[in-house]
Protein chains: 2
Amino acid sequence: MKKLVNSPETVVADALRGLAAAHPELAVSPAEGIVTRASGPVPGKVALLSGGGSGHEPLHAGFVGPGMLDAAVCGPVFTSPVPDAVARATAAVDSGAGVLHIVKNYTGDVLNFTMAAEDSADDGVRVARVVVDDDVAVTPAEGGPGRRGTGATLFVEKIAGALAEQGAPLDAVASVARKVNERSRSYGVALTSCTTPAKGSPTFELGDGDMELGIGIHGEPGRARSPLLPAADTARLMLDTILADLPGPSDDPVILLVNGLGGTPPIELYIMRAEAERVLSSHGIRIARSLVGTYVTSLDMAGCTFTLCRADPELLRLWDAPVSTPALRWGG
Amino acid sequence: MKKLVNSPETVVADALRGLAAAHPELAVSPAEGIVTRASGPVPGKVALLSGGGSGHEPLHAGFVGPGMLDAAVCGPVFTSPVPDAVARATAAVDSGAGVLHIVKNYTGDVLNFTMAAEDSADDGVRVARVVVDDDVAVTPAEGGPGRRGTGATLFVEKIAGALAEQGAPLDAVASVARKVNERSRSYGVALTSCTTPAKGSPTFELGDGDMELGIGIHGEPGRARSPLLPAADTARLMLDTILADLPGPSDDPVILLVNGLGGTPPIELYIMRAEAERVLSSHGIRIARSLVGTYVTSLDMAGCTFTLCRADPELLRLWDAPVSTPALRWGG
């Protein structure tokens, strides 16, 4: 296993020690896997909490700060945090205005956040929830848990975070979070598997000339395999798949995320951004805003995901609002 | 070759098309490899221009914008841009206050920027130059071209860019750029080779259990090979090597860059940040500021570089000044 780590057991705590060292504006508990703003709860503000297994950095801890999250709860690699940690973080960030849990649609996360929300309610904290399910590679029609939560989580955290920062009440913040999720869809491809620190070898095998289509972010193989395609064809396949399932008014422009999965460098992501421009303009779709970078990873996987969100003026205004976190920062 | 590209010949132009699509605040010529601010030269301001071979993204084009560069000139992958392109970009950004060329210490870059500066001078543009040479893995004592330019380029561009934005004259901007370079040193390790699009296979072979010490950013092998070390030992080796050659007052704190080489995900970079904290504090060195991310790449190489700069109050003040570029953004 080729990683800059000390041991498989300490990967998450070690990375959180680094986050703490680099970002004194965050309060970080490496042992508990809890990251909050060092300045404490903002009086009267609805708090946003997200979390899940680690291995997706900078999601979620890198998005804690003004304009986005109040807390991130970091489980072991690819493993949901325990309900007790989520409940403790919820209590820590509640100012009395309530807490929105942003949960990616995986069985373990949904279960543990449900238990945490019940515990928090027992303690008198109002909790609302949005479950993010944007990955079109897995469909609800298959009868399983439905679409997986991936890149749209960033959109939900940014846009709902902006509304919360402006003082909106819990039901309004939850409502805009659900609106973003409903208007967002994602699809990903991989050129390599990832390697989890615990297993120490790739989670699936992939030939030198092949790529994996419809991958998730937990080392599971894709839904199909293909000979390696040029960037232009890859982008068209990804976007055609997304557009076939993208809700929202078709004359609204989109916010586009071109996301690297951990092992893909910026030069390739910008090539994919160029191809996305070409494909979407051929469909008559305007890209109102875009973000190109490594935001939702699957450890060291080489590959790329696209996320589109049909954005109306409200969502664009909230997208543009100032944000100041380790991994996303603009305005103000 | 596993890359999201269309063809080896179009990699740089395709990526620049993506940069243009994502960043309307930049003026991008994919054919010429020139990136400037779309708003044009800032009246009365000294302009900063950098460039070199591509494959190091976001360096340099991702650092064009207020508070940092006025122009980036992008050559083919790992190949210096031609003098004519540098001279044209120099003319395009000169407001009359002169242009600082920030050149990484490689034979081709130094030669081509020298010729470009002569052409620019013939055209009546005042050009000053700083050559960045921070990589301690190659020493001037070896009799070659001396230390290579790597991560300190970001420090030079940020800090000199801030001073230029504040209206300082060319000689002062060049002087602070040289001061930053003189106080900065870097060292890098790799867990994999990179693969250039033209060659299509790794530029050096490296066993599954080995790492490469003292690598450069152009696919050249390191100065030594070692069995893969834990992050803690890797960080100590890197920082001990840097500190043995780091000039500047030993009671000044440092600015630390923990940089990913393209194929290394954020979770590992934050682990390296944690270990850097431990090593530097054991030396009694305070980290005044730090930056953790993928800033100076060697295509898809997995690995990490550290850069330290001994920072006095002037350098810290300029480091903290607002910056607004695709890849670096804070304040203001």
# chains A, B, ... in the order shown; residues from 1 in each chain; ligands from 1
call {"tool": "closest_atom_pairs", "arguments": {"of": "chain B", "to": "chain A", "cutoff": "7 Å", "atoms": "only C-alpha atoms", "output": "CSV"}}
result
residue,atom,partner,partner_atom,distance
B:Lys2,CA,A:Leu191,CA,6.2
B:Leu4,CA,A:Ala231,CA,5.0
B:Val5,CA,A:Ala231,CA,4.8
B:Asn6,CA,A:Pro230,CA,4.7
B:Asp14,CA,A:Ile271,CA,5.2
B:Ala15,CA,A:Ile271,CA,4.3
B:Arg17,CA,A:Ala274,CA,5.4
B:Gly18,CA,A:Ala274,CA,3.7
B:Leu19,CA,A:Tyr270,CA,6.0
B:Ala21,CA,A:Ala274,CA,6.6
B:Ala22,CA,A:Ser290,CA,6.0
B:Gly55,CA,A:Ile267,CA,6.9
B:Glu57,CA,A:Pro266,CA,5.9
B:Pro58,CA,A:Pro266,CA,6.5
B:Leu191,CA,A:Lys2,CA,6.2
B:Pro230,CA,A:Asn6,CA,4.7
B:Ala231,CA,A:Val5,CA,4.8
B:Ala232,CA,A:Asn6,CA,6.5
B:Gly262,CA,A:Pro265,CA,4.5
B:Gly263,CA,A:Gly263,CA,4.0
B:Thr264,CA,A:Gly263,CA,5.8
B:Pro265,CA,A:Gly262,CA,4.5
B:Pro266,CA,A:Glu57,CA,5.9
B:Ile267,CA,A:Ala15,CA,5.8
B:Glu268,CA,A:Leu4,CA,5.5
B:Tyr270,CA,A:Gly18,CA,4.7
B:Ile271,CA,A:Ala15,CA,4.3
B:Arg273,CA,A:Gly18,CA,4.8
B:Ala274,CA,A:Gly18,CA,3.8
B:Glu277,CA,A:Ala21,CA,6.9
B:Ser290,CA,A:Ala22,CA,6.0
B:Leu299,CA,A:Pro265,CA,6.3
B:Asp300,CA,A:Pro265,CA,5.7
B:Arg329,CA,A:Arg329,CA,6.7
B:Trp330,CA,A:Arg329,CA,6.8
B:Gly332,CA,A:Gly332,CA,6.6
call {"tool": "calpha_fit_and_write", "arguments": {"fixed": "chain B", "moving": "chain A", "output": "JSON list (two decimals) with C-alpha atoms, in the first residue's frame"}}
result
[["chain", "number", "residue", "atom", "x", "y", "z"],
["A", 1, "MET", "CA", -1.73, 5.61, -20.06],
["A", 2, "LYS", "CA", -4.64, 6.24, -17.71],
["A", 3, "LYS", "CA", -5.60, 9.86, -18.04],
["A", 4, "LEU", "CA", -8.72, 11.87, -18.73],
["A", 5, "VAL", "CA", -7.36, 13.43, -21.92],
["A", 6, "ASN", "CA", -8.26, 13.63, -25.58],
["A", 7, "SER", "CA", -4.79, 13.28, -27.07],
["A", 8, "PRO", "CA", -1.23, 13.93, -25.92],
["A", 9, "GLU", "CA", -0.97, 16.81, -28.40],
["A", 10, "THR", "CA", -3.99, 18.74, -27.08],
["A", 11, "VAL", "CA", -3.55, 18.35, -23.31],
["A", 12, "VAL", "CA", -2.39, 21.89, -22.57],
["A", 13, "ALA", "CA", -4.79, 23.66, -24.93],
["A", 14, "ASP", "CA", -7.73, 21.55, -23.73],
["A", 15, "ALA", "CA", -6.98, 22.32, -20.08],
["A", 16, "LEU", "CA", -6.71, 26.02, -20.89],
["A", 17, "ARG", "CA", -10.11, 25.86, -22.62],
["A", 18, "GLY", "CA", -11.46, 24.47, -19.37],
["A", 19, "LEU", "CA", -9.78, 27.21, -17.36],
["A", 20, "ALA", "CA", -11.32, 29.81, -19.66],
["A", 21, "ALA", "CA", -14.77, 28.27, -19.32],
["A", 22, "ALA", "CA", -14.55, 28.09, -15.53],
["A", 23, "HIS", "CA", -13.01, 31.53, -15.02],
["A", 24, "PRO", "CA", -14.47, 34.36, -17.08],
["A", 25, "GLU", "CA", -12.38, 36.76, -14.98],
["A", 26, "LEU", "CA", -9.34, 35.46, -16.89],
["A", 27, "ALA", "CA", -8.38, 36.10, -20.51],
["A", 28, "VAL", "CA", -7.07, 32.82, -21.86],
["A", 29, "SER", "CA", -5.45, 32.07, -25.19],
["A", 30, "PRO", "CA", -5.27, 28.26, -25.39],
["A", 31, "ALA", "CA", -3.32, 28.40, -28.66],
["A", 32, "GLU", "CA", -0.64, 30.73, -27.32],
["A", 33, "GLY", "CA", -0.63, 29.36, -23.78],
["A", 34, "ILE", "CA", -1.12, 32.84, -22.34],
["A", 35, "VAL", "CA", -3.41, 33.63, -19.38],
["A", 36, "THR", "CA", -3.96, 37.19, -18.13],
["A", 37, "ARG", "CA", -6.55, 39.05, -16.10],
["A", 38, "ALA", "CA", -9.56, 39.80, -18.30],
["A", 39, "SER", "CA", -9.73, 43.29, -16.84],
["A", 40, "GLY", "CA", -6.41, 44.17, -18.48],
["A", 41, "PRO", "CA", -3.33, 45.86, -16.99],
["A", 42, "VAL", "CA", -3.87, 47.70, -13.70],
["A", 43, "PRO", "CA", -2.85, 51.34, -14.28],
["A", 44, "GLY", "CA", 0.38, 52.18, -12.49],
["A", 45, "LYS", "CA", 0.82, 48.69, -11.04],
["A", 46, "VAL", "CA", 3.94, 46.60, -11.54],
["A", 47, "ALA", "CA", 2.90, 43.42, -13.34],
["A", 48, "LEU", "CA", 3.96, 39.94, -12.29],
["A", 49, "LEU", "CA", 4.47, 37.28, -14.93],
["A", 50, "SER", "CA", 5.43, 33.69, -14.41],
["A", 51, "GLY", "CA", 5.41, 30.60, -16.55],
["A", 52, "GLY", "CA", 7.19, 27.47, -17.56],
["A", 53, "GLY", "CA", 6.29, 24.03, -18.77],
["A", 54, "SER", "CA", 2.77, 22.75, -18.11],
["A", 55, "GLY", "CA", 2.03, 19.76, -15.88],
["A", 56, "HIS", "CA", 2.34, 21.70, -12.61],
["A", 57, "GLU", "CA", -1.23, 22.98, -12.38],
["A", 58, "PRO", "CA", -2.61, 25.02, -10.70],
["A", 59, "LEU", "CA", 0.87, 26.67, -10.96],
["A", 60, "HIS", "CA", 1.00, 29.16, -12.69],
["A", 61, "ALA", "CA", -2.27, 29.91, -14.51],
["A", 62, "GLY", "CA", -4.32, 29.17, -11.40],
["A", 63, "PHE", "CA", -2.52, 32.00, -9.62],
["A", 64, "VAL", "CA", -3.49, 34.78, -12.04],
["A", 65, "GLY", "CA", -5.67, 37.41, -10.40],
["A", 66, "PRO", "CA", -5.74, 40.30, -7.94],
["A", 67, "GLY", "CA", -3.04, 39.93, -5.30],
["A", 68, "MET", "CA", -0.91, 37.53, -7.28],
["A", 69, "LEU", "CA", 0.03, 37.20, -10.98],
["A", 70, "ASP", "CA", -0.93, 39.34, -13.96],
["A", 71, "ALA", "CA", 0.10, 36.72, -16.50],
["A", 72, "ALA", "CA", 1.03, 33.07, -16.81],
["A", 73, "VAL", "CA", 2.73, 31.65, -19.87],
["A", 74, "CYS", "CA", 2.14, 27.93, -20.29],
["A", 75, "GLY", "CA", 4.56, 25.87, -22.35],
["A", 76, "PRO", "CA", 4.03, 22.27, -23.46],
["A", 77, "VAL", "CA", 4.14, 19.66, -20.69],
["A", 78, "PHE", "CA", 7.48, 19.94, -18.86],
["A", 79, "THR", "CA", 8.84, 22.21, -21.64],
["A", 80, "SER", "CA", 9.61, 25.91, -21.39],
["A", 81, "PRO", "CA", 7.38, 28.33, -23.29],
["A", 82, "VAL", "CA", 9.08, 29.99, -26.26],
["A", 83, "PRO", "CA", 10.59, 33.47, -25.73],
["A", 84, "ASP", "CA", 8.14, 35.02, -28.15],
["A", 85, "ALA", "CA", 5.13, 33.96, -26.03],
["A", 86, "VAL", "CA", 6.76, 35.33, -22.88],
["A", 87, "ALA", "CA", 7.55, 38.62, -24.61],
["A", 88, "ARG", "CA", 4.02, 38.94, -25.94],
["A", 89, "ALA", "CA", 2.52, 38.30, -22.51],
["A", 90, "THR", "CA", 4.96, 40.79, -21.00],
["A", 91, "ALA", "CA", 3.83, 43.48, -23.43],
["A", 92, "ALA", "CA", 0.18, 42.62, -22.79],
["A", 93, "VAL", "CA", 0.34, 43.19, -19.03],
["A", 94, "ASP", "CA", 2.76, 46.14, -18.80],
["A", 95, "SER", "CA", 1.01, 49.26, -17.59],
["A", 96, "GLY", "CA", 4.24, 51.25, -17.91],
["A", 97, "ALA", "CA", 5.35, 50.42, -14.36],
["A", 98, "GLY", "CA", 7.40, 47.42, -15.46],
["A", 99, "VAL", "CA", 7.07, 43.65, -15.29],
["A", 100, "LEU", "CA", 8.63, 41.16, -12.87],
["A", 101, "HIS", "CA", 9.45, 37.79, -14.40],
["A", 102, "ILE", "CA", 9.29, 34.96, -11.87],
["A", 103, "VAL", "CA", 11.35, 32.13, -13.32],
["A", 104, "LYS", "CA", 11.91, 28.67, -11.89],
["A", 105, "ASN", "CA", 15.56, 27.64, -12.04],
["A", 106, "TYR", "CA", 15.69, 25.27, -15.00],
["A", 107, "THR", "CA", 18.10, 25.73, -17.90],
["A", 108, "GLY", "CA", 15.38, 26.03, -20.54],
["A", 109, "ASP", "CA", 13.25, 28.45, -18.56],
["A", 110, "VAL", "CA", 16.17, 30.69, -17.63],
["A", 111, "LEU", "CA", 17.37, 30.77, -21.24],
["A", 112, "ASN", "CA", 13.96, 31.49, -22.76],
["A", 113, "PHE", "CA", 13.01, 34.11, -20.18],
["A", 114, "THR", "CA", 16.39, 35.81, -20.74],
["A", 115, "MET", "CA", 15.71, 36.06, -24.45],
["A", 116, "ALA", "CA", 12.16, 37.26, -23.79],
["A", 117, "ALA", "CA", 13.40, 39.94, -21.39],
["A", 118, "GLU", "CA", 15.85, 41.19, -24.01],
["A", 119, "ASP", "CA", 13.08, 41.40, -26.58],
["A", 120, "SER", "CA", 10.84, 43.20, -24.09],
["A", 121, "ALA", "CA", 13.60, 45.68, -23.21],
["A", 122, "ASP", "CA", 14.03, 46.37, -26.93],
["A", 123, "ASP", "CA", 10.33, 47.20, -26.99],
["A", 124, "GLY", "CA", 10.77, 49.60, -24.10],
["A", 125, "VAL", "CA", 9.31, 47.46, -21.32],
["A", 126, "ARG", "CA", 11.23, 47.50, -18.04],
["A", 127, "VAL", "CA", 11.69, 43.90, -16.90],
["A", 128, "ALA", "CA", 13.14, 42.69, -13.62],
["A", 129, "ARG", "CA", 13.64, 39.04, -12.76],
["A", 130, "VAL", "CA", 13.75, 36.67, -9.82],
["A", 131, "VAL", "CA", 14.98, 33.13, -10.36],
["A", 132, "VAL", "CA", 13.39, 30.76, -7.83],
["A", 133, "ASP", "CA", 15.75, 28.02, -6.61],
["A", 134, "ASP", "CA", 14.46, 26.38, -3.45],
["A", 135, "ASP", "CA", 14.79, 22.58, -3.87],
["A", 136, "VAL", "CA", 17.55, 21.41, -1.54],
["A", 137, "ALA", "CA", 17.73, 17.98, -3.19],
["A", 138, "VAL", "CA", 20.03, 19.45, -5.85],
["A", 139, "THR", "CA", 22.82, 21.64, -4.50],
["A", 140, "PRO", "CA", 24.89, 24.35, -6.19],
["A", 141, "ALA", "CA", 27.99, 22.50, -4.92],
["A", 142, "GLU", "CA", 27.28, 19.80, -7.52],
["A", 143, "GLY", "CA", 28.39, 22.28, -10.17],
["A", 144, "GLY", "CA", 25.23, 22.06, -12.30],
["A", 145, "PRO", "CA", 22.50, 24.64, -12.64],
["A", 146, "GLY", "CA", 21.94, 24.60, -8.87],
["A", 147, "ARG", "CA", 18.78, 24.16, -6.83],
["A", 148, "ARG", "CA", 15.59, 23.61, -8.82],
["A", 149, "GLY", "CA", 12.59, 25.92, -8.51],
["A", 150, "THR", "CA", 9.56, 24.28, -6.92],
["A", 151, "GLY", "CA", 7.12, 25.19, -4.12],
["A", 152, "ALA", "CA", 8.72, 28.50, -3.18],
["A", 153, "THR", "CA", 7.42, 29.84, -6.49],
["A", 154, "LEU", "CA", 3.97, 30.03, -4.88],
["A", 155, "PHE", "CA", 5.39, 32.00, -1.94],
["A", 156, "VAL", "CA", 7.20, 34.41, -4.28],
["A", 157, "GLU", "CA", 4.13, 34.92, -6.45],
["A", 158, "LYS", "CA", 1.83, 35.50, -3.45],
["A", 159, "ILE", "CA", 4.07, 37.84, -1.48],
["A", 160, "ALA", "CA", 5.51, 39.88, -4.35],
["A", 161, "GLY", "CA", 2.01, 39.97, -5.85],
["A", 162, "ALA", "CA", 0.66, 41.54, -2.67],
["A", 163, "LEU", "CA", 3.37, 44.23, -2.66],
["A", 164, "ALA", "CA", 2.75, 45.02, -6.32],
["A", 165, "GLU", "CA", -0.99, 45.30, -5.66],
["A", 166, "GLN", "CA", -0.21, 47.90, -2.98],
["A", 167, "GLY", "CA", 1.53, 50.08, -5.56],
["A", 168, "ALA", "CA", 5.21, 49.43, -4.84],
["A", 169, "PRO", "CA", 7.71, 50.17, -7.62],
["A", 170, "LEU", "CA", 9.46, 47.49, -9.69],
["A", 171, "ASP", "CA", 12.71, 47.43, -7.71],
["A", 172, "ALA", "CA", 10.87, 46.98, -4.41],
["A", 173, "VAL", "CA", 8.68, 44.19, -5.82],
["A", 174, "ALA", "CA", 11.73, 42.41, -7.25],
["A", 175, "SER", "CA", 13.56, 42.88, -3.98],
["A", 176, "VAL", "CA", 10.85, 41.27, -1.84],
["A", 177, "ALA", "CA", 10.56, 38.44, -4.38],
["A", 178, "ARG", "CA", 14.30, 37.72, -3.99],
["A", 179, "LYS", "CA", 13.98, 37.95, -0.22],
["A", 180, "VAL", "CA", 11.24, 35.32, -0.20],
["A", 181, "ASN", "CA", 13.27, 33.04, -2.44],
["A", 182, "GLU", "CA", 16.41, 33.43, -0.33],
["A", 183, "ARG", "CA", 14.48, 32.49, 2.81],
["A", 184, "SER", "CA", 12.69, 29.47, 1.27],
["A", 185, "ARG", "CA", 13.70, 25.86, 0.84],
["A", 186, "SER", "CA", 11.82, 22.74, -0.37],
["A", 187, "TYR", "CA", 12.14, 18.97, -0.50],
["A", 188, "GLY", "CA", 9.91, 16.34, -2.06],
["A", 189, "VAL", "CA", 9.21, 12.63, -1.98],
["A", 190, "ALA", "CA", 7.29, 10.43, -4.41],
["A", 191, "LEU", "CA", 5.41, 7.19, -4.01],
["A", 192, "THR", "CA", 4.91, 6.80, -7.76],
["A", 193, "SER", "CA", 6.41, 8.20, -10.92],
["A", 194, "CYS", "CA", 4.35, 10.46, -13.10],
["A", 195, "THR", "CA", 3.37, 9.59, -16.66],
["A", 196, "THR", "CA", 3.78, 12.24, -19.33],
["A", 197, "PRO", "CA", 1.09, 12.25, -22.01],
["A", 198, "ALA", "CA", 3.76, 12.13, -24.75],
["A", 199, "LYS", "CA", 5.60, 9.07, -23.38],
["A", 200, "GLY", "CA", 2.48, 7.34, -22.08],
["A", 201, "SER", "CA", 4.34, 5.27, -19.49],
["A", 202, "PRO", "CA", 5.96, 6.11, -16.13],
["A", 203, "THR", "CA", 9.14, 8.17, -16.42],
["A", 204, "PHE", "CA", 10.87, 5.96, -13.86],
["A", 205, "GLU", "CA", 10.26, 2.58, -12.26],
["A", 206, "LEU", "CA", 9.62, 2.29, -8.54],
["A", 207, "GLY", "CA", 8.94, -0.92, -6.63],
["A", 208, "ASP", "CA", 5.75, -1.49, -4.65],
["A", 209, "GLY", "CA", 7.56, -1.15, -1.34],
["A", 210, "ASP", "CA", 9.80, 1.78, -2.24],
["A", 211, "MET", "CA", 9.66, 5.54, -2.24],
["A", 212, "GLU", "CA", 11.78, 8.10, -4.03],
["A", 213, "LEU", "CA", 13.50, 10.85, -2.01],
["A", 214, "GLY", "CA", 14.48, 14.24, -3.36],
["A", 215, "ILE", "CA", 12.34, 14.15, -6.47],
["A", 216, "GLY", "CA", 11.88, 17.03, -8.86],
["A", 217, "ILE", "CA", 8.66, 18.08, -10.54],
["A", 218, "HIS", "CA", 9.47, 16.96, -14.09],
["A", 219, "GLY", "CA", 9.34, 13.19, -13.78],
["A", 220, "GLU", "CA", 13.01, 12.82, -13.00],
["A", 221, "PRO", "CA", 13.79, 10.18, -10.37],
["A", 222, "GLY", "CA", 14.82, 11.26, -6.90],
["A", 223, "ARG", "CA", 18.30, 11.51, -5.48],
["A", 224, "ALA", "CA", 17.86, 8.38, -3.40],
["A", 225, "ARG", "CA", 15.49, 5.49, -2.93],
["A", 226, "SER", "CA", 14.18, 4.12, 0.35],
["A", 227, "PRO", "CA", 11.77, 1.50, 1.55],
["A", 228, "LEU", "CA", 8.42, 3.18, 2.10],
["A", 229, "LEU", "CA", 8.55, 5.01, 5.43],
["A", 230, "PRO", "CA", 5.73, 5.91, 7.80],
["A", 231, "ALA", "CA", 4.47, 9.48, 7.46],
["A", 232, "ALA", "CA", 6.22, 10.53, 10.68],
["A", 233, "ASP", "CA", 9.63, 9.34, 9.49],
["A", 234, "THR", "CA", 9.07, 10.75, 6.01],
["A", 235, "ALA", "CA", 8.22, 14.17, 7.43],
["A", 236, "ARG", "CA", 11.25, 14.13, 9.71],
["A", 237, "LEU", "CA", 13.60, 13.19, 6.88],
["A", 238, "MET", "CA", 12.16, 15.92, 4.63],
["A", 239, "LEU", "CA", 12.25, 18.65, 7.25],
["A", 240, "ASP", "CA", 15.68, 17.76, 8.63],
["A", 241, "THR", "CA", 17.04, 18.00, 5.08],
["A", 242, "ILE", "CA", 15.36, 21.37, 4.55],
["A", 243, "LEU", "CA", 16.38, 22.80, 7.91],
["A", 244, "ALA", "CA", 20.04, 21.93, 7.30],
["A", 245, "ASP", "CA", 19.98, 24.41, 4.41],
["A", 246, "LEU", "CA", 17.33, 26.97, 5.45],
["A", 247, "PRO", "CA", 18.68, 30.53, 5.68],
["A", 248, "GLY", "CA", 17.11, 33.36, 7.61],
["A", 249, "PRO", "CA", 17.02, 34.28, 11.29],
["A", 250, "SER", "CA", 16.43, 31.10, 13.26],
["A", 251, "ASP", "CA", 13.97, 32.82, 15.60],
["A", 252, "ASP", "CA", 11.67, 33.86, 12.77],
["A", 253, "PRO", "CA", 8.61, 31.63, 12.39],
["A", 254, "VAL", "CA", 7.94, 29.87, 9.12],
["A", 255, "ILE", "CA", 5.29, 29.73, 6.46],
["A", 256, "LEU", "CA", 4.77, 26.06, 5.59],
["A", 257, "LEU", "CA", 3.46, 24.62, 2.34],
["A", 258, "VAL", "CA", 2.37, 20.98, 2.40],
["A", 259, "ASN", "CA", 1.93, 20.31, -1.28],
["A", 260, "GLY", "CA", 0.48, 17.35, -3.12],
["A", 261, "LEU", "CA", 2.13, 16.35, -6.39],
["A", 262, "GLY", "CA", -1.10, 15.49, -8.22],
["A", 263, "GLY", "CA", -1.94, 11.93, -7.23],
["A", 264, "THR", "CA", -2.03, 12.29, -3.44],
["A", 265, "PRO", "CA", -5.37, 12.98, -1.76],
["A", 266, "PRO", "CA", -6.11, 15.55, 0.97],
["A", 267, "ILE", "CA", -6.32, 12.96, 3.76],
["A", 268, "GLU", "CA", -2.63, 12.08, 3.31],
["A", 269, "LEU", "CA", -1.57, 15.72, 2.98],
["A", 270, "TYR", "CA", -3.24, 16.52, 6.30],
["A", 271, "ILE", "CA", -1.43, 13.59, 7.92],
["A", 272, "MET", "CA", 1.82, 15.09, 6.63],
["A", 273, "ARG", "CA", 0.73, 18.48, 8.03],
["A", 274, "ALA", "CA", 0.28, 16.86, 11.45],
["A", 275, "GLU", "CA", 3.75, 15.30, 11.30],
["A", 276, "ALA", "CA", 5.30, 18.59, 10.17],
["A", 277, "GLU", "CA", 3.83, 20.23, 13.26],
["A", 278, "ARG", "CA", 5.44, 17.61, 15.44],
["A", 279, "VAL", "CA", 8.88, 17.82, 13.81],
["A", 280, "LEU", "CA", 9.06, 21.60, 13.62],
["A", 281, "SER", "CA", 7.90, 22.08, 17.19],
["A", 282, "SER", "CA", 10.60, 19.62, 18.30],
["A", 283, "HIS", "CA", 13.06, 22.03, 16.68],
["A", 284, "GLY", "CA", 11.45, 24.98, 18.44],
["A", 285, "ILE", "CA", 10.18, 26.39, 15.15],
["A", 286, "ARG", "CA", 6.77, 28.05, 15.08],
["A", 287, "ILE", "CA", 4.54, 27.59, 12.02],
["A", 288, "ALA", "CA", 3.02, 31.04, 11.63],
["A", 289, "ARG", "CA", 0.98, 30.19, 8.53],
["A", 290, "SER", "CA", 0.41, 27.06, 6.52],
["A", 291, "LEU", "CA", -1.19, 25.92, 3.33],
["A", 292, "VAL", "CA", -2.18, 22.30, 2.68],
["A", 293, "GLY", "CA", -3.24, 21.23, -0.78],
["A", 294, "THR", "CA", -2.41, 20.48, -4.38],
["A", 295, "TYR", "CA", -0.63, 23.57, -5.69],
["A", 296, "VAL", "CA", 2.55, 22.59, -7.57],
["A", 297, "THR", "CA", 2.06, 19.26, -9.28],
["A", 298, "SER", "CA", 4.08, 16.87, -11.35],
["A", 299, "LEU", "CA", 1.18, 15.59, -13.44],
["A", 300, "ASP", "CA", -0.26, 12.53, -11.65],
["A", 301, "MET", "CA", 2.70, 11.77, -9.37],
["A", 302, "ALA", "CA", 1.76, 10.51, -5.90],
["A", 303, "GLY", "CA", 3.86, 12.30, -3.34],
["A", 304, "CYS", "CA", 4.34, 15.39, -1.31],
["A", 305, "THR", "CA", 6.67, 18.35, -1.03],
["A", 306, "PHE", "CA", 7.31, 20.63, 1.93],
["A", 307, "THR", "CA", 8.38, 24.24, 1.47],
["A", 308, "LEU", "CA", 9.43, 26.45, 4.38],
["A", 309, "CYS", "CA", 9.94, 30.21, 4.29],
["A", 310, "ARG", "CA", 11.43, 32.07, 7.26],
["A", 311, "ALA", "CA", 8.94, 34.91, 7.56],
["A", 312, "ASP", "CA", 9.45, 38.28, 9.23],
["A", 313, "PRO", "CA", 6.51, 40.62, 9.94],
["A", 314, "GLU", "CA", 6.75, 42.17, 6.45],
["A", 315, "LEU", "CA", 6.42, 38.81, 4.73],
["A", 316, "LEU", "CA", 3.57, 37.71, 7.02],
["A", 317, "ARG", "CA", 1.69, 40.93, 6.36],
["A", 318, "LEU", "CA", 2.04, 40.46, 2.61],
["A", 319, "TRP", "CA", 1.12, 36.77, 2.90],
["A", 320, "ASP", "CA", -2.09, 37.75, 4.69],
["A", 321, "ALA", "CA", -3.07, 40.38, 2.10],
["A", 322, "PRO", "CA", -6.15, 39.55, 0.02],
["A", 323, "VAL", "CA", -5.75, 37.29, -3.00],
["A", 324, "SER", "CA", -8.36, 36.25, -5.52],
["A", 325, "THR", "CA", -7.28, 33.64, -8.06],
["A", 326, "PRO", "CA", -8.71, 30.30, -9.19],
["A", 327, "ALA", "CA", -6.47, 28.31, -6.84],
["A", 328, "LEU", "CA", -5.69, 30.68, -3.97],
["A", 329, "ARG", "CA", -8.28, 32.98, -2.49],
["A", 330, "TRP", "CA", -8.66, 34.76, 0.82],
["A", 331, "GLY", "CA", -9.36, 38.09, 2.46],
["A", 332, "GLY", "CA", -10.94, 41.20, 0.96]]
call {"tool": "select_by_dssp", "arguments": {"residues": "stretch 49-284 of chain A", "states": "helix (DSSP H, G or I)", "output": "count of residues only"}}
result
90
